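Asker: What follows is start-v5.csv; its format and atoms are CSV, C-alpha atoms.
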chain,number,residue,atom,x,y,z
A,23,MET,CA,96.2,88.6,104.7
A,24,ILE,CA,94.1,90.5,102.1
A,25,VAL,CA,92.3,93.5,103.5
A,26,VAL,CA,90.0,95.8,101.5
A,27,ALA,CA,88.8,99.2,102.8
A,28,ASP,CA,85.8,101.3,102.0
A,29,SER,CA,86.0,105.1,102.3
A,30,GLY,CA,84.5,105.6,105.8
A,31,PRO,CA,87.2,103.9,107.8
A,32,LEU,CA,90.0,105.5,105.8
A,33,HIS,CA,88.3,108.9,106.0
A,34,TYR,CA,88.0,108.9,109.8
A,35,LEU,CA,91.3,107.1,110.5
A,36,ILE,CA,93.1,109.8,108.4
A,37,LEU,CA,91.2,112.6,110.3
A,38,LEU,CA,92.1,111.0,113.6
A,39,GLU,CA,95.7,110.6,112.6
A,40,HIS,CA,95.5,106.8,113.2
A,41,VAL,CA,95.4,105.6,109.6
A,42,ASP,CA,98.9,104.0,110.1
A,43,LEU,CA,97.2,101.4,112.4
A,44,LEU,CA,96.0,99.8,109.1
A,45,ARG,CA,99.6,99.3,107.9
A,46,ARG,CA,100.7,98.2,111.4
A,47,PHE,CA,98.0,95.6,111.7
A,48,TYR,CA,97.7,94.4,108.0
A,49,GLY,CA,100.7,95.5,106.1
A,50,GLN,CA,98.9,96.1,102.8
A,51,VAL,CA,95.4,97.5,102.2
A,52,VAL,CA,93.5,97.3,98.9
A,53,VAL,CA,91.3,100.2,98.0
A,54,PRO,CA,88.9,100.2,95.0
A,55,GLU,CA,89.3,103.1,92.6
A,56,ALA,CA,85.7,104.2,93.4
A,57,VAL,CA,86.7,104.6,97.1
A,58,ALA,CA,89.9,106.6,96.1
A,59,SER,CA,87.6,108.8,94.1
A,60,GLU,CA,85.2,109.4,97.0
A,61,LEU,CA,88.2,110.3,99.2
A,62,SER,CA,89.3,112.8,96.5
A,63,ASN,CA,85.9,114.6,96.4
A,64,ALA,CA,86.0,118.4,96.8
A,65,ALA,CA,83.6,118.1,99.8
A,66,THR,CA,86.1,115.8,101.6
A,67,PRO,CA,88.4,117.4,104.2
A,68,GLY,CA,91.7,118.6,102.7
A,69,VAL,CA,93.9,116.3,104.8
A,70,VAL,CA,92.0,113.3,103.4
A,71,ARG,CA,92.2,114.5,99.8
A,72,GLU,CA,95.9,115.1,100.2
A,73,TRP,CA,96.5,111.7,101.7
A,74,ILE,CA,94.7,109.8,98.9
A,75,ALA,CA,96.4,112.0,96.2
A,76,ALA,CA,99.7,110.6,97.3
A,77,PRO,CA,98.8,107.4,99.1
A,78,PRO,CA,101.5,105.5,101.1
A,79,SER,CA,103.1,102.5,99.5
A,80,TRP,CA,101.0,100.1,101.6
A,81,ILE,CA,97.8,101.3,99.9
A,82,ASP,CA,97.0,99.4,96.7
A,83,VAL,CA,94.4,101.2,94.6
A,84,ARG,CA,92.7,98.8,92.2
A,85,ALA,CA,90.0,98.9,89.5
A,86,ILE,CA,87.0,96.6,89.8
A,87,ALA,CA,85.1,95.4,86.7
A,88,PRO,CA,81.5,96.7,86.4
A,89,GLU,CA,80.3,93.1,85.9
A,90,ASP,CA,81.8,92.2,89.3
A,91,MET,CA,79.7,95.0,90.9
A,92,ALA,CA,76.5,94.1,89.0
A,93,ALA,CA,75.3,91.6,91.6
A,94,ILE,CA,75.7,94.1,94.5
A,95,THR,CA,72.6,96.0,95.5
A,96,ASP,CA,72.1,99.5,94.1
A,97,ASP,CA,70.9,100.5,97.5
A,98,LEU,CA,74.6,101.1,98.5
A,99,ASP,CA,76.8,103.9,97.3
A,100,LEU,CA,79.4,103.2,94.6
A,101,GLY,CA,82.3,103.0,97.0
A,102,GLU,CA,80.6,100.4,99.2
A,103,ARG,CA,79.5,98.4,96.2
A,104,ALA,CA,83.1,98.5,94.8
A,105,ALA,CA,84.6,97.5,98.2
A,106,ILE,CA,82.3,94.6,98.6
A,107,ALA,CA,82.8,93.4,95.0
A,108,LEU,CA,86.6,93.8,95.3
A,109,ALA,CA,86.6,91.9,98.7
A,110,GLU,CA,84.7,89.1,97.0
A,111,THR,CA,86.8,89.1,93.9
A,112,LEU,CA,90.1,88.9,95.9
A,113,ARG,CA,88.6,86.6,98.5
A,114,ALA,CA,89.6,89.1,101.1
A,115,ASP,CA,90.2,88.0,104.7
A,116,LEU,CA,88.7,91.3,106.0
A,117,LEU,CA,86.6,94.2,104.7
A,118,HIS,CA,86.7,97.6,106.5
A,119,ILE,CA,83.3,99.2,106.2
A,120,ASP,CA,81.3,101.4,108.5
A,121,GLU,CA,77.8,101.9,107.0
A,122,ALA,CA,75.2,99.6,108.5
A,123,ALA,CA,73.6,98.7,105.1
A,124,GLY,CA,77.1,97.9,103.6
A,125,ARG,CA,78.1,95.8,106.6
A,126,ALA,CA,74.8,93.9,106.3
A,127,GLU,CA,75.3,93.2,102.6
A,128,ALA,CA,78.9,92.1,103.2
A,129,LYS,CA,77.9,89.8,106.0
A,130,ARG,CA,75.1,88.4,103.8
A,131,ARG,CA,77.9,87.5,101.4
A,132,HIS,CA,79.9,85.9,104.2
A,133,LEU,CA,82.6,88.5,104.3
A,134,ARG,CA,84.3,89.3,107.6
A,135,VAL,CA,83.9,92.9,108.5
A,136,THR,CA,85.2,95.5,110.9
A,137,GLY,CA,85.1,99.3,110.8
A,138,THR,CA,86.7,102.4,112.2
A,139,LEU,CA,85.8,101.5,115.8
A,140,GLY,CA,87.2,98.0,115.5
A,141,VAL,CA,90.5,99.3,114.3
A,142,LEU,CA,90.6,101.9,117.0
A,143,ARG,CA,89.8,99.3,119.7
A,144,SER,CA,92.6,97.1,118.4
A,145,GLY,CA,94.9,100.1,118.7
A,146,ALA,CA,93.7,100.7,122.2
A,147,GLU,CA,94.3,97.1,123.1
A,148,LYS,CA,97.9,97.4,122.0
A,149,GLY,CA,98.4,100.7,123.8
A,150,LEU,CA,98.6,102.7,120.6
A,151,VAL,CA,95.6,104.9,121.1
A,152,ASN,CA,94.7,107.2,123.9
A,153,VAL,CA,91.0,106.4,124.2
A,154,PRO,CA,89.7,109.5,126.1
A,155,ASP,CA,91.5,111.8,123.6
A,156,LEU,CA,90.4,109.8,120.7
A,157,LEU,CA,86.7,109.9,121.7
A,158,GLU,CA,86.9,113.7,122.0
A,159,ARG,CA,88.5,114.0,118.6
A,160,LEU,CA,86.0,111.6,117.1
A,161,LYS,CA,83.1,113.8,118.5
A,162,SER,CA,84.5,116.7,116.5
A,163,THR,CA,84.1,114.9,113.2
A,164,SER,CA,80.9,113.9,111.3
A,165,PHE,CA,81.3,110.2,112.5
A,166,TYR,CA,78.0,108.9,113.8
A,167,LEU,CA,78.6,108.0,117.5
A,168,ASP,CA,76.2,105.7,119.1
A,169,GLU,CA,77.0,106.2,122.8
A,170,THR,CA,75.9,102.7,123.8
A,171,LEU,CA,78.2,101.2,121.2
A,172,VAL,CA,81.1,103.4,122.0
A,173,ASN,CA,80.8,102.6,125.7
A,174,THR,CA,80.7,98.9,124.9
A,175,VAL,CA,83.6,99.0,122.5
A,176,PHE,CA,85.8,101.2,124.8
A,177,GLU,CA,84.5,100.2,128.2
A,178,PRO,CA,87.8,98.9,129.6
A,179,TRP,CA,89.4,102.3,128.9
A,180,LEU,CA,86.5,104.5,130.2
A,181,LYS,CA,86.5,103.3,133.8
A,182,PRO,CA,87.6,106.0,136.2
Please re-express this file's structure in structure tokens.

Answerer:
Amino acid sequence: MIVVADSGPLHYLILLEHVDLLRRFYGQVVVPEAVASELSNAATPGVVREWIAAPPSWIDVRAIAPEDMAAITDDLDLGERAAIALAETLRADLLHIDEAAGRAEAKRRHLRVTGTLGVLRSGAEKGLVNVPDLLERLKSTSFYLDETLVNTVFEPWLKP
């Protein structure tokens, strides 16, 4: 299975200490150089910068040719454009991306997508994630939480 990741899911899974779910579920994850660069940005939390500075062996950082990105809308940031282009180039089975505009572009290109919440839900389904604790931790980050979506995604674990 070929899986490509944008910076958003990696960023939050690292912060939540659940990035290893990606290895567990997919074995290998391909990351465009532009995404690795975003994760290395000085404004990014130190734990994320440290992780990408010495990524685990199951992360494969790859370059994407500018011509492969040329057809992707300039409305997206560089990392999103690179992730979509790399997913298309590799004929990826799955693209991890959170931003709504990036997800819409990927779906328009017939790419299968999931994001941070999708990975965490899979972890919850397998008993690998404590949902109430996870949601508290997620609220302490800059992750945009739509309460209706969160309640829908994690409903089975939120019932008293």

Asker: Kindly indicate which residue among A:Asp155, A:Glu110, A:Asp168, A:Glu147 lies nearest to Arg134 (chain A), using all atoms listed in the file for the distances.

Answerer: A:Glu110

Asker: Excluding Val41 (chain A) and its own-chain neighbours fewer than 6 positions away, which residues fall within 12 Å of it when counting all atoms listed in the file? Please give them as a PyMOL selection string.

Answerer: chain A and resi 27+29-35+47-49+51+69-70+73-74+77-78+80-81+138+141-142+145+150-151

Asker: Find the distance between CA of Leu117 (chain A) and CA of Ala105 (chain A) and write it in Å to one decimal.

Answerer: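 Taking CA of Leu117 (chain A) and CA of Ala105 (chain A), their separation equals 7.6 Å.
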
Asker: Quick one, how far is CA of Ser162 (chain A) from CA of Ala64 (chain A)?

Answerer: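 Going from CA of Ser162 (chain A) over to CA of Ala64 (chain A), I get 19.8 Å.
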
Asker: One decimal, Å: what's the distance from CA of Leu38 (chain A) over to CA of Phe165 (chain A), could you say?

Answerer: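 According to the coordinates, CA of Leu38 (chain A) and CA of Phe165 (chain A) are separated by 10.9 Å.
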
Asker: I'd like the contact shell of Gly140 (chain A) - 10 Å cut-off, only C-alpha atoms, skipping same-chain residues fewer than 4 positions apart - returned as a PyMOL selection string.

Answerer: chain A and resi 31+118+120+135-136+144-146+175-176

Asker: Considering all atoms listed in the file, can you say which of A:Leu160, A:Leu43, A:Val52, A:Ala76 comes closest to Met23 (chain A)?

Answerer: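 Checking each candidate against Met23 (chain A), we get A:Val52 as the closest.
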
Asker: Rank A:Asp82, A:Asp90, A:Asp28, A:Asp96 by their smallest atom-to-atom distance to Arg125 (chain A), using only C-alpha atoms, and report the top residue only.

Answerer: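 Using only C-alpha atoms, the shortest distance to Arg125 (chain A) belongs to A:Asp28.
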
Asker: Quick one: of A:Ala92, A:Leu156, A:Leu108, A:Leu180, who's nearest to Glu39 (chain A), counting all atoms listed in the file?

Answerer: A:Leu156

Asker: So that I can check the surroundings of Ile24 (chain A), please list as a short mmCIF file (atom, residue, chain, number, x, y, z; two decimals) with C-alpha atoms, in the coordinates of the input every protein, DNA and RNA residue that reaches within 7 Å of it, counting all atoms listed in the file and ignoring chain neighbours fewer than 3 positions away.

Answerer:
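Generated output (around-v3.cif):
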data_model
loop_
_atom_site.label_atom_id
_atom_site.label_comp_id
_atom_site.auth_asym_id
_atom_site.auth_seq_id
_atom_site.Cartn_x
_atom_site.Cartn_y
_atom_site.Cartn_z
CA ALA A 114 89.60 89.10 101.10
CA ASP A 115 90.20 88.00 104.70
CA LEU A 116 88.70 91.30 106.00
#

Asker: Considering all atoms listed in the file, give me a table of residues in region 72-134 of chain A that are at most 10 Å from region 54-60 of chain A, with the closest atom pair and distance in Å for each, as a Markdown table.

Answerer:
| residue | atom | partner | partner_atom | distance |
| --- | --- | --- | --- | --- |
| A:Ile74 | CA | A:Ala58 | CA | 6.4 |
| A:Ala75 | CA | A:Ala58 | CA | 8.5 |
| A:Pro77 | CA | A:Ala58 | CA | 9.4 |
| A:Asp82 | CA | A:Pro54 | CA | 8.3 |
| A:Val83 | CA | A:Pro54 | CA | 5.6 |
| A:Arg84 | CA | A:Pro54 | CA | 4.9 |
| A:Ala85 | CA | A:Glu55 | CA | 5.3 |
| A:Ile86 | CA | A:Pro54 | CA | 6.6 |
| A:Asp99 | CA | A:Ala56 | CA | 9.7 |
| A:Leu100 | CA | A:Ala56 | CA | 6.5 |
| A:Gly101 | CA | A:Val57 | CA | 4.7 |
| A:Glu102 | CA | A:Val57 | CA | 7.7 |
| A:Arg103 | CA | A:Ala56 | CA | 8.9 |
| A:Ala104 | CA | A:Pro54 | CA | 6.0 |
| A:Ala105 | CA | A:Pro54 | CA | 6.0 |
| A:Ile106 | CA | A:Pro54 | CA | 9.4 |
| A:Ala107 | CA | A:Pro54 | CA | 9.1 |
| A:Leu108 | CA | A:Pro54 | CA | 6.8 |
| A:Ala109 | CA | A:Pro54 | CA | 9.4 |

Asker: Given the choices A:Val153, A:Leu44, A:Leu139, A:Ile94, which gets closest to Ala126 (chain A) if the distance is worked out from all atoms listed in the file?

Answerer: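 Once distances to Ala126 (chain A) are computed over all atoms listed in the file, the minimum belongs to A:Ile94.
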
Asker: Which of these residues is nearest to Pro154 (chain A), using all atoms listed in the file: A:Ala128, A:Leu37, A:Leu133, A:Val172?

Answerer: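 Going through A:Ala128, A:Leu37, A:Leu133, A:Val172 one by one, the smallest distance to Pro154 (chain A) is for A:Val172.
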